[in-house]
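Visitor: Mind having a look at this structure? Questions to follow.
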Amino acid sequence: MADPQKDSGLYVIWMMLSMSARLQIGALGELDFTPGTYAYVGTAQRGRSARIRRHLAVDKPRRWHMDYLRPYVTVEGITLYDGHREDECRLVKQIMAATGAKRDHPGFGASDCRCGGHLLFLPRTLHEPENLEL
Ligand SMILES: [Zn+2]
């Protein structure tokens, strides 16, 4: 797990959407969201705690895809990992392998890479996996 003193690295935001929603997600357009658990994988080269606080805030200028989804979900937990931006896509794949999650909405949160998306969907409530090592 991550060194809590180090204010940089990867993070996963675990969220619950309680009802179906069609949402405008920035340039991705209108997307349909199914109720269930979502996991968003991101990274901050510095100021990770401030970045996470920003993700948790609901009322803010919309900059990232996550900002458009945030008002509609309940944040259930946050997991921190060591790593750099290029590790994001690998963490996405590891969460998929560990939980059975599927990518939801191609390109979500992945403007800077071509991996297919950093938002994962789990059709039922599932708590974040323990001891998921990069
Ligand atoms: Zn990626």
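Residue numbering restarts at 1 for every chain of the structure tokens, chains are lettered A, B, ... in their displayed order, and ligands are numbered from 1 as they appear.
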What's the 10 Å shell around Ile13 (chain A), counting only C-alpha atoms, without same-chain residues fewer than 3 positions away, as a short mmCIF file (atom, residue, chain, number, x, y, z; two decimals) with N, CA and C atoms, in the first residue's frame?

Guide:
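selection_16.cif was written with the following content:
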data_model
loop_
_atom_site.label_atom_id
_atom_site.label_comp_id
_atom_site.auth_asym_id
_atom_site.auth_seq_id
_atom_site.Cartn_x
_atom_site.Cartn_y
_atom_site.Cartn_z
N TYR A 38 -19.05 1.96 -8.92
CA TYR A 38 -18.09 2.44 -9.90
C TYR A 38 -16.75 2.69 -9.22
N ALA A 39 -15.69 2.46 -9.96
CA ALA A 39 -14.34 2.76 -9.47
C ALA A 39 -13.66 3.63 -10.51
N TYR A 40 -13.10 4.72 -10.05
CA TYR A 40 -12.38 5.64 -10.93
C TYR A 40 -10.91 5.65 -10.53
N VAL A 41 -10.05 5.41 -11.48
CA VAL A 41 -8.61 5.35 -11.22
C VAL A 41 -7.95 6.63 -11.74
N GLY A 42 -7.23 7.29 -10.86
CA GLY A 42 -6.52 8.50 -11.25
C GLY A 42 -5.16 8.57 -10.59
N ILE A 52 -7.82 14.69 -4.22
CA ILE A 52 -8.91 13.83 -3.76
C ILE A 52 -10.00 14.68 -3.10
N HIS A 55 -12.01 15.99 -5.79
CA HIS A 55 -12.93 14.99 -6.34
C HIS A 55 -14.15 14.81 -5.44
N LEU A 56 -13.95 14.91 -4.13
CA LEU A 56 -15.06 14.70 -3.21
C LEU A 56 -16.05 15.86 -3.24
N MET A 66 -14.77 12.97 -14.28
CA MET A 66 -15.30 12.64 -12.96
C MET A 66 -16.18 13.75 -12.38
N VAL A 75 -19.71 8.64 -2.60
CA VAL A 75 -18.36 8.08 -2.51
C VAL A 75 -18.30 7.13 -1.33
N GLU A 76 -17.90 5.89 -1.61
CA GLU A 76 -17.90 4.85 -0.58
C GLU A 76 -16.51 4.62 0.02
N GLY A 77 -15.49 4.99 -0.70
CA GLY A 77 -14.14 4.77 -0.17
C GLY A 77 -13.09 5.20 -1.17
N ILE A 78 -11.89 5.36 -0.68
CA ILE A 78 -10.77 5.74 -1.53
C ILE A 78 -9.59 4.84 -1.17
N THR A 79 -8.94 4.31 -2.19
CA THR A 79 -7.77 3.48 -1.99
C THR A 79 -6.58 4.17 -2.63
N LEU A 80 -5.45 4.17 -1.92
CA LEU A 80 -4.24 4.82 -2.43
C LEU A 80 -3.20 3.77 -2.80
N LEU A 119 -12.74 4.33 -15.85
CA LEU A 119 -13.92 4.16 -15.02
C LEU A 119 -14.36 2.70 -15.13
N GLU A 128 -14.01 -2.31 -1.81
CA GLU A 128 -12.71 -2.28 -2.48
C GLU A 128 -11.89 -3.50 -2.05
#

Visitor: Tell me, counting only C-alpha atoms and all ligand atoms, for each residue of chain A within 7 Å of ligand 1, which pair of atoms is nearest and how far apart they are in Å to one decimal, in rows ordered by chain and increasing number, as JSON lines.

Guide:
{"residue": "A:Glu88", "atom": "CA", "partner": "ligand 1", "partner_atom_place_in_ligand_line": "1 (Zn)", "distance": 5.8}
{"residue": "A:Cys89", "atom": "CA", "partner": "ligand 1", "partner_atom_place_in_ligand_line": "1 (Zn)", "distance": 3.9}
{"residue": "A:Ala110", "atom": "CA", "partner": "ligand 1", "partner_atom_place_in_ligand_line": "1 (Zn)", "distance": 5.2}
{"residue": "A:Cys113", "atom": "CA", "partner": "ligand 1", "partner_atom_place_in_ligand_line": "1 (Zn)", "distance": 4.9}
{"residue": "A:Arg114", "atom": "CA", "partner": "ligand 1", "partner_atom_place_in_ligand_line": "1 (Zn)", "distance": 5.8}
{"residue": "A:Cys115", "atom": "CA", "partner": "ligand 1", "partner_atom_place_in_ligand_line": "1 (Zn)", "distance": 4.1}
{"residue": "A:Gly116", "atom": "CA", "partner": "ligand 1", "partner_atom_place_in_ligand_line": "1 (Zn)", "distance": 6.3}
{"residue": "A:Gly117", "atom": "CA", "partner": "ligand 1", "partner_atom_place_in_ligand_line": "1 (Zn)", "distance": 5.7}
{"residue": "A:His118", "atom": "CA", "partner": "ligand 1", "partner_atom_place_in_ligand_line": "1 (Zn)", "distance": 5.9}

Visitor: Quick one: residues within 10 Å of Ala21 (chain A), only C-alpha atoms counted, chain neighbours fewer than 6 positions away excluded, as a compact mmCIF listing (two decimals) with C-alpha atoms, in the first residue's frame?

Guide:
# COMPACT_ATOMS: atom_id res chain seq x y z
CA GLU A 30 -24.59 11.97 -23.03
CA LEU A 31 -23.89 8.60 -21.46
CA ASP A 32 -26.13 6.09 -19.71
CA PHE A 33 -25.12 4.88 -16.27
CA THR A 34 -26.47 1.72 -14.65
CA PRO A 35 -26.95 1.57 -10.87
CA LEU A 69 -20.43 12.17 -12.54
CA TYR A 72 -24.86 11.76 -8.80

Visitor: For each of A:Thr74, A:Gly36, A:Arg46, A:Asp67, take the minimum atom-to-atom distance to Lys102 (chain A), counting only C-alpha atoms, then give the residue where this is smallest.

Guide: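 Under the stated criterion, the closest residue is A:Gly36.
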
Visitor: As a PyMOL selection string, please: every residue in region 2-58 of chain A that a backbone DSSP assignment puts in strand (DSSP E or B).

Guide: chain A and resi 9-17+21-24+30-33+36-44

Visitor: Report the distance between CA of Leu91 (chain A) and CA of Arg62 (chain A) in Å, rounded to one decimal place.

Guide: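 Straight-line distance from CA of Leu91 (chain A) to CA of Arg62 (chain A) works out to 24.8 Å.
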
Visitor: Compare A:Arg54, A:Lys93, A:Thr37, A:Trp64 by their minimum atom-to-atom distance to Met19 (chain A), counting only C-alpha atoms, and give me the closest one.

Guide: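 Distance minimum relative to Met19 (chain A) lands on A:Thr37.
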
Visitor: I need the residue nearest Gly107 (chain A) from this list: A:His65, A:Lys6, A:Arg48, A:Lys60. Use only C-alpha atoms for the distance.

Guide: A:His65

Visitor: Calculate how many Å separate CA of Gln45 (chain A) from CA of Gly83 (chain A), rounding to one decimal.

Guide: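 Between CA of Gln45 (chain A) and CA of Gly83 (chain A) the gap is 9.1 Å.
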
Visitor: Write down as a ChimeraX atom specification the residues of chain A whose backbone DSSP state falls under helix (DSSP H, G or I).

Guide: /A:26-28,48-56,65-72,85-99

Visitor: Using N, CA and C atoms, can you write the selected residues to a file as an mmCIF file, in the first residue's frame?

Guide:
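Just written: again12.cif:
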data_model
loop_
_atom_site.group_PDB
_atom_site.id
_atom_site.type_symbol
_atom_site.label_atom_id
_atom_site.label_comp_id
_atom_site.auth_asym_id
_atom_site.auth_seq_id
_atom_site.Cartn_x
_atom_site.Cartn_y
_atom_site.Cartn_z
ATOM 1 N N GLY A 26 -18.940 15.945 -20.178
ATOM 2 C CA GLY A 26 -18.018 16.763 -20.959
ATOM 3 C C GLY A 26 -18.100 16.453 -22.440
ATOM 4 N N ALA A 27 -16.955 16.345 -23.064
ATOM 5 C CA ALA A 27 -16.877 16.125 -24.510
ATOM 6 C C ALA A 27 -17.284 14.711 -24.912
ATOM 7 N N LEU A 28 -17.424 13.807 -23.934
ATOM 8 C CA LEU A 28 -17.857 12.444 -24.274
ATOM 9 C C LEU A 28 -19.327 12.413 -24.658
ATOM 10 N N ARG A 48 -1.737 14.997 -4.031
ATOM 11 C CA ARG A 48 -2.794 13.995 -4.177
ATOM 12 C C ARG A 48 -3.944 14.222 -3.199
ATOM 13 N N SER A 49 -3.629 14.598 -1.951
ATOM 14 C CA SER A 49 -4.710 14.774 -0.976
ATOM 15 C C SER A 49 -5.634 15.925 -1.393
ATOM 16 N N ALA A 50 -5.045 16.991 -1.940
ATOM 17 C CA ALA A 50 -5.876 18.101 -2.418
ATOM 18 C C ALA A 50 -6.702 17.673 -3.627
ATOM 19 N N ARG A 51 -6.092 16.859 -4.496
ATOM 20 C CA ARG A 51 -6.826 16.362 -5.657
ATOM 21 C C ARG A 51 -8.024 15.530 -5.221
ATOM 22 N N ILE A 52 -7.817 14.692 -4.224
ATOM 23 C CA ILE A 52 -8.911 13.834 -3.758
ATOM 24 C C ILE A 52 -9.998 14.682 -3.101
ATOM 25 N N ARG A 53 -9.588 15.666 -2.308
ATOM 26 C CA ARG A 53 -10.591 16.557 -1.712
ATOM 27 C C ARG A 53 -11.413 17.234 -2.805
ATOM 28 N N ARG A 54 -10.737 17.598 -3.890
ATOM 29 C CA ARG A 54 -11.457 18.224 -4.995
ATOM 30 C C ARG A 54 -12.452 17.239 -5.631
ATOM 31 N N HIS A 55 -12.014 15.989 -5.791
ATOM 32 C CA HIS A 55 -12.926 14.987 -6.335
ATOM 33 C C HIS A 55 -14.146 14.811 -5.439
ATOM 34 N N LEU A 56 -13.955 14.909 -4.131
ATOM 35 C CA LEU A 56 -15.060 14.696 -3.210
ATOM 36 C C LEU A 56 -16.045 15.858 -3.235
ATOM 37 N N HIS A 65 -13.712 14.409 -16.398
ATOM 38 C CA HIS A 65 -14.932 13.621 -16.605
ATOM 39 C C HIS A 65 -15.600 13.293 -15.280
ATOM 40 N N MET A 66 -14.772 12.968 -14.280
ATOM 41 C CA MET A 66 -15.304 12.636 -12.962
ATOM 42 C C MET A 66 -16.180 13.755 -12.385
ATOM 43 N N ASP A 67 -15.842 15.001 -12.708
ATOM 44 C CA ASP A 67 -16.591 16.134 -12.142
ATOM 45 C C ASP A 67 -18.054 16.107 -12.573
ATOM 46 N N TYR A 68 -18.299 15.526 -13.752
ATOM 47 C CA TYR A 68 -19.676 15.466 -14.258
ATOM 48 C C TYR A 68 -20.466 14.342 -13.593
ATOM 49 N N LEU A 69 -19.774 13.308 -13.184
ATOM 50 C CA LEU A 69 -20.431 12.167 -12.538
ATOM 51 C C LEU A 69 -20.624 12.403 -11.039
ATOM 52 N N ARG A 70 -19.707 13.130 -10.445
ATOM 53 C CA ARG A 70 -19.640 13.269 -8.991
ATOM 54 C C ARG A 70 -20.964 13.650 -8.304
ATOM 55 N N PRO A 71 -21.746 14.597 -8.851
ATOM 56 C CA PRO A 71 -22.960 14.988 -8.115
ATOM 57 C C PRO A 71 -23.977 13.857 -7.974
ATOM 58 N N TYR A 72 -23.827 12.796 -8.759
ATOM 59 C CA TYR A 72 -24.863 11.757 -8.801
ATOM 60 C C TYR A 72 -24.491 10.503 -8.011
ATOM 61 N N ARG A 85 1.717 8.166 -13.332
ATOM 62 C CA ARG A 85 0.623 8.265 -14.288
ATOM 63 C C ARG A 85 0.576 7.060 -15.223
ATOM 64 N N GLU A 86 1.763 6.598 -15.641
ATOM 65 C CA GLU A 86 1.780 5.482 -16.591
ATOM 66 C C GLU A 86 1.326 4.171 -15.947
ATOM 67 N N ASP A 87 1.198 4.159 -14.618
ATOM 68 C CA ASP A 87 0.721 2.958 -13.940
ATOM 69 C C ASP A 87 -0.808 2.906 -13.843
ATOM 70 N N GLU A 88 -1.467 4.007 -14.181
ATOM 71 C CA GLU A 88 -2.933 4.062 -14.063
ATOM 72 C C GLU A 88 -3.590 2.910 -14.814
ATOM 73 N N CYS A 89 -3.181 2.729 -16.072
ATOM 74 C CA CYS A 89 -3.839 1.746 -16.933
ATOM 75 C C CYS A 89 -3.627 0.330 -16.383
ATOM 76 N N ARG A 90 -2.438 0.109 -15.807
ATOM 77 C CA ARG A 90 -2.135 -1.200 -15.227
ATOM 78 C C ARG A 90 -3.017 -1.445 -13.998
ATOM 79 N N LEU A 91 -3.206 -0.419 -13.180
ATOM 80 C CA LEU A 91 -4.065 -0.565 -12.005
ATOM 81 C C LEU A 91 -5.506 -0.845 -12.425
ATOM 82 N N VAL A 92 -5.951 -0.187 -13.499
ATOM 83 C CA VAL A 92 -7.289 -0.458 -14.030
ATOM 84 C C VAL A 92 -7.429 -1.946 -14.343
ATOM 85 N N LYS A 93 -6.443 -2.489 -15.040
ATOM 86 C CA LYS A 93 -6.506 -3.910 -15.428
ATOM 87 C C LYS A 93 -6.465 -4.814 -14.208
ATOM 88 N N GLN A 94 -5.677 -4.425 -13.198
ATOM 89 C CA GLN A 94 -5.575 -5.268 -12.009
ATOM 90 C C GLN A 94 -6.877 -5.266 -11.220
ATOM 91 N N ILE A 95 -7.540 -4.122 -11.162
ATOM 92 C CA ILE A 95 -8.841 -4.085 -10.475
ATOM 93 C C ILE A 95 -9.846 -4.933 -11.240
ATOM 94 N N MET A 96 -9.796 -4.867 -12.567
ATOM 95 C CA MET A 96 -10.701 -5.692 -13.373
ATOM 96 C C MET A 96 -10.474 -7.171 -13.082
ATOM 97 N N ALA A 97 -9.203 -7.562 -13.025
ATOM 98 C CA ALA A 97 -8.881 -8.973 -12.788
ATOM 99 C C ALA A 97 -9.283 -9.397 -11.380
ATOM 100 N N ALA A 98 -9.124 -8.495 -10.402
ATOM 101 C CA ALA A 98 -9.366 -8.858 -9.002
ATOM 102 C C ALA A 98 -10.848 -8.855 -8.654
ATOM 103 N N THR A 99 -11.650 -8.047 -9.345
ATOM 104 C CA THR A 99 -13.039 -7.864 -8.922
ATOM 105 C C THR A 99 -14.061 -8.292 -9.967
#

Visitor: CA of Asp112 (chain A) to CA of Ser18 (chain A): how many Å, to one decimal?

Guide: 29.3 Å

Visitor: Given the choices A:Gly100, A:Gly9, A:Gly29, A:Gly47, which gets closest to Phe121 (chain A) if the distance is worked out from only C-alpha atoms?

Guide: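 Under the stated criterion, the closest residue is A:Gly100.
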